[in-house]
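J.: Sharing a structure here in structure tokens format.
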Amino acid sequence: MNEHVSIGIDIGGTKIVAGLVTLGGGVLYKQTVPTATEGREQILFQLQQLIKDCVKEAHQQRLPTLKGIGIGTAGQIDFKQGIVRSGTSNIKDWNDIPLKQEMQRLTGFPTWVDNDVNVVALAESHLGAAKGYDNVVFLTLGTGIGGAVIQEGRLLHGEWGGAAELGHMSVDRNGPACNCGYKGCLEAYASGTGIANRMKHMLKNQPERYDGDIENITARDVFQWAAEGKPFAKSILDEAMDALAYGTVNIIHAFNPSLIVLGGGIIDQHNWIISDLENRVRSLGISSLVQSVSFKKAAFGDEAGVVGAAYQSFLYNEFVQKEGAPHET
């Protein structure tokens with residue numbers, strides 16, 4: 001086998017996925033472990049063991065020399081230095097971690113670290129729904145809302161890597177408080193957590209509508225009730241879609257993309273959101289900007305994170321530059 005191979009690692013709040021990934025996006029080997037609840041030291045140990053297993057598997061499969069390690073993790077990532085500045089609250093003690101330096105020290109492999117949505121954008125841009133597009137915005141709707149931007153063929157990182165926190169743009173300065181400390185964030189309306197919280201708020205003010213435990217309500221319940229025709233659930237989803245539409249128009253006005261790619265658990269379960277969003281956006285904003293934008297569902301599923309993470313070592317390694325890889329610096 002002559003195709004280049006890299007190790008990709010996707011660090012999430014509940015699980016860590018590591019795999020051997022080819023330049024063509026094939027996953028030759030994959031291993032998943034629950035994310036350690038003890039915090040950073042145990043997680044670093046997990047990463048080291050996963051990498052050892054990947055290297056062992058690469059030798060057994062007689063794969064070419066591994067090009068490096070790419071890691072995607074939630075949170076604010078200093079891309080230039082490979083530091084997790086502010087990690088997800090779902091992972092204990094996952095802040096101010098020089099992850100790139102630590103992994104290079106522990107494994108000897110060149111390592112790159114980026115935000116989890118950014119690495120998914122790399123996979124989609126080079127191999128998936130956004131292949132062939134130079135100006136793309138990615139939105140992932142799940143527990144929260146993540147964003148990434150490809151502008152003129154390059155992943156937008158900003159000054160140090162914190163660009164494209166699109167879920168934390170405000171769509172209502174008088175809106176509900178967001179866990180980021182801001183008010184009226186898109187995430188506070190249209191994420192799984194936001195939808196559930198908006199429903200809880202409504203039912204606490206109108207308890208006659210529900211006789212169960214309000215605190216146990218999830219976004220899944222809201223979607224189910226709306227599908228059953230319950231008006232109060234439909235109103236919450238309409239509010240969420242309205243916020244998502246206004247946020248998307250803001251994004252289009254700011255970045256002038258030709259394509260918006262939507263993914264994440266909510267999109268996977270409710271495809272109708274894409275066409276509904278497109279219809280709403282068409283009637284809002286500056287016509288010359290909003291009318292020309294296409295909407296697509298993300299092509300990759302569960303393996304997007306590990307493929308995109310691995311792709312960093314293909315894109316940023318010297319051999320790719322010599323071969324003239326598209327879309328990156």
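Scheme for the structure tokens: letters A, B, ... for chains in order shown; per-chain residue numbers from 1; ligand numbers from 1 in order shown.
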From range 235-281 of chain A, collect each residue whose DSSP state is strand (DSSP E or B) and return the set as a list in words.
T.: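 Output for range 235-281 of chain A, strand (DSSP E or B) only: Leu259, Ile260, Val261, Leu262 and Gly263 of chain A.
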J.: Those residues with C-alpha atoms, as a CSV table (one decimal), in the first residue's frame please?
T.:
chain,number,residue,atom,x,y,z
A,259,LEU,CA,-22.4,26.9,0.5
A,260,ILE,CA,-23.6,26.2,4.0
A,261,VAL,CA,-23.1,22.7,5.3
A,262,LEU,CA,-25.2,21.5,8.2
A,263,GLY,CA,-24.4,18.5,10.4
J.: If you count only C-alpha atoms, which residues fall within 8 Å of Thr65 in chain A, apart from same-chain ones fewer than 2 positions away, as a PyMOL selection string?
T.: chain A and resi 4-5+63+67
J.: Please produce a file of the residues just selected, as a compact mmCIF listing (two decimals), in the first residue's frame, where the atoms kept are N, CA and C atoms.
T.:
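Result written to out33.txt:
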# COMPACT_ATOMS: atom_id res chain seq x y z
N HIS A 4 -0.67 7.53 1.70
CA HIS A 4 -0.26 8.12 2.97
C HIS A 4 -1.28 7.79 4.05
N VAL A 5 -0.76 7.58 5.27
CA VAL A 5 -1.61 7.23 6.41
C VAL A 5 -1.23 8.08 7.61
N LEU A 63 1.66 -0.93 6.90
CA LEU A 63 1.33 0.35 6.29
C LEU A 63 2.58 1.20 6.12
N LYS A 67 2.45 9.61 8.94
CA LYS A 67 2.85 10.99 8.69
C LYS A 67 2.72 11.87 9.92
J.: Need the shell around Gly285 in chain A: protein/DNA/RNA residues with any atom at most 8 Å away, counting only C-alpha atoms. Skip same-chain ones fewer than 5 positions apart. Format as a PyMOL selection string?
T.: chain A and resi 249+253+290
J.: Can I get the selected residues back with C-alpha atoms, as a compact mmCIF listing (two decimals), in the first residue's frame?
T.:
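Okay, this is what ended up in result-v3.txt:
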# COMPACT_ATOMS: atom_id res chain seq x y z
CA VAL A 249 -28.33 35.42 7.43
CA HIS A 253 -23.72 38.78 5.33
CA VAL A 290 -28.75 35.11 0.37
J.: Considering only C-alpha atoms, state which residue in the set A:Asn95, A:Gln76, A:Asn135, A:Ser125 is at the smallest distance from Ala254 in chain A.
T.: A:Asn135
J.: Show which residues sit within 8 Å of range 170-177 of chain A, as a PyMOL selection string. Count only C-alpha atoms, and ignore same-chain residues fewer than 4 positions away.
T.: chain A and resi 181-186+188+243+246-247
J.: Using DSSP on the backbone coordinates, identify the residues of range 121-323 of chain A assigned to alpha helix (DSSP H); present them as number ranges by chain.
T.: A: 121-127, 186-190, 192-205, 219-227, 231-255, 265-269, 272-282, 287-290, 304-316, 318-323
J.: Quick one: residues within 9 Å of range 214-217 of chain A, only C-alpha atoms counted, chain neighbours fewer than 4 positions away excluded, as an MDAnalysis selection string?
T.: chainID A and resid 196:197 199:200 203:204 207 210 221:222
J.: Which residue gives the smallest distance to Ile71 in chain A among A:Ser294, A:Gln49, A:Gln104, A:Asn115, with only C-alpha atoms counted?
T.: A:Asn115
J.: Of the candidates A:Ile77, A:Ala233, A:Leu244, A:Val306, which shows the shortest atom-to-atom distance to Gly12 in chain A, using only C-alpha atoms?
T.: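 Of A:Ile77, A:Ala233, A:Leu244, A:Val306, the one nearest Gly12 in chain A, counting only C-alpha atoms, is A:Val306.
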J.: May I ask for the distance between CA of Arg62 in chain A and CA of Glu3 in chain A, given in Å to one decimal place?
T.: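 Here the two named atoms are 11.8 Å from each other.
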J.: Compile the contact shell of Trp272 in chain A as a PDB file with C-alpha atoms, in the first residue's frame: residues with an atom at most 12 Å away, counting only C-alpha atoms, same-chain residues fewer than 2 positions apart removed.
T.:
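What follows is the written file out.pdb:
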ATOM      1  CA  PHE A 223     -39.395  17.269  18.555  1.00  0.00           C
ATOM      2  CA  ALA A 227     -44.492  15.736  15.469  1.00  0.00           C
ATOM      3  CA  MET A 241     -35.818  27.929  13.411  1.00  0.00           C
ATOM      4  CA  LEU A 262     -25.198  21.549   8.232  1.00  0.00           C
ATOM      5  CA  ILE A 266     -30.101  17.259  15.370  1.00  0.00           C
ATOM      6  CA  ILE A 267     -29.631  17.473  11.589  1.00  0.00           C
ATOM      7  CA  ASP A 268     -29.054  13.721  11.315  1.00  0.00           C
ATOM      8  CA  GLN A 269     -32.378  13.071  13.039  1.00  0.00           C
ATOM      9  CA  HIS A 270     -34.384  15.893  11.441  1.00  0.00           C
ATOM     10  CA  ILE A 274     -32.259  22.130   6.102  1.00  0.00           C
ATOM     11  CA  SER A 275     -35.069  22.867   3.630  1.00  0.00           C
ATOM     12  CA  ASP A 276     -37.024  24.833   6.249  1.00  0.00           C
ATOM     13  CA  LEU A 277     -33.942  26.929   6.992  1.00  0.00           C
ATOM     14  CA  GLU A 278     -33.250  27.540   3.317  1.00  0.00           C
ATOM     15  CA  ASN A 279     -36.825  28.730   2.732  1.00  0.00           C
ATOM     16  CA  LYS A 296     -26.208  20.803   2.008  1.00  0.00           C
ATOM     17  CA  LYS A 297     -26.174  18.159   4.692  1.00  0.00           C
TER      18      LYS A 297
END
J.: In Å, with one decimal, what is the gap from CA of Gly72 in chain A to CA of Val117 in chain A?
T.: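 Computed distance, CA of Gly72 in chain A to CA of Val117 in chain A, equals 7.9 Å.
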J.: If I take CA of Glu152 in chain A and CA of Phe138 in chain A, how far is one from the other in Å, to one decimal?
T.: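 Those two atoms sit 14.4 Å apart.
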J.: Go through A:Asp116, A:Glu102, A:Asp53, A:Glu159 one by one, measure the shortest atom-to-atom distance of each to Leu139 in chain A using only C-alpha atoms, and give the residue with the smallest value.
T.: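 Ranking A:Asp116, A:Glu102, A:Asp53, A:Glu159 by distance to Leu139 in chain A, first place goes to A:Asp116.
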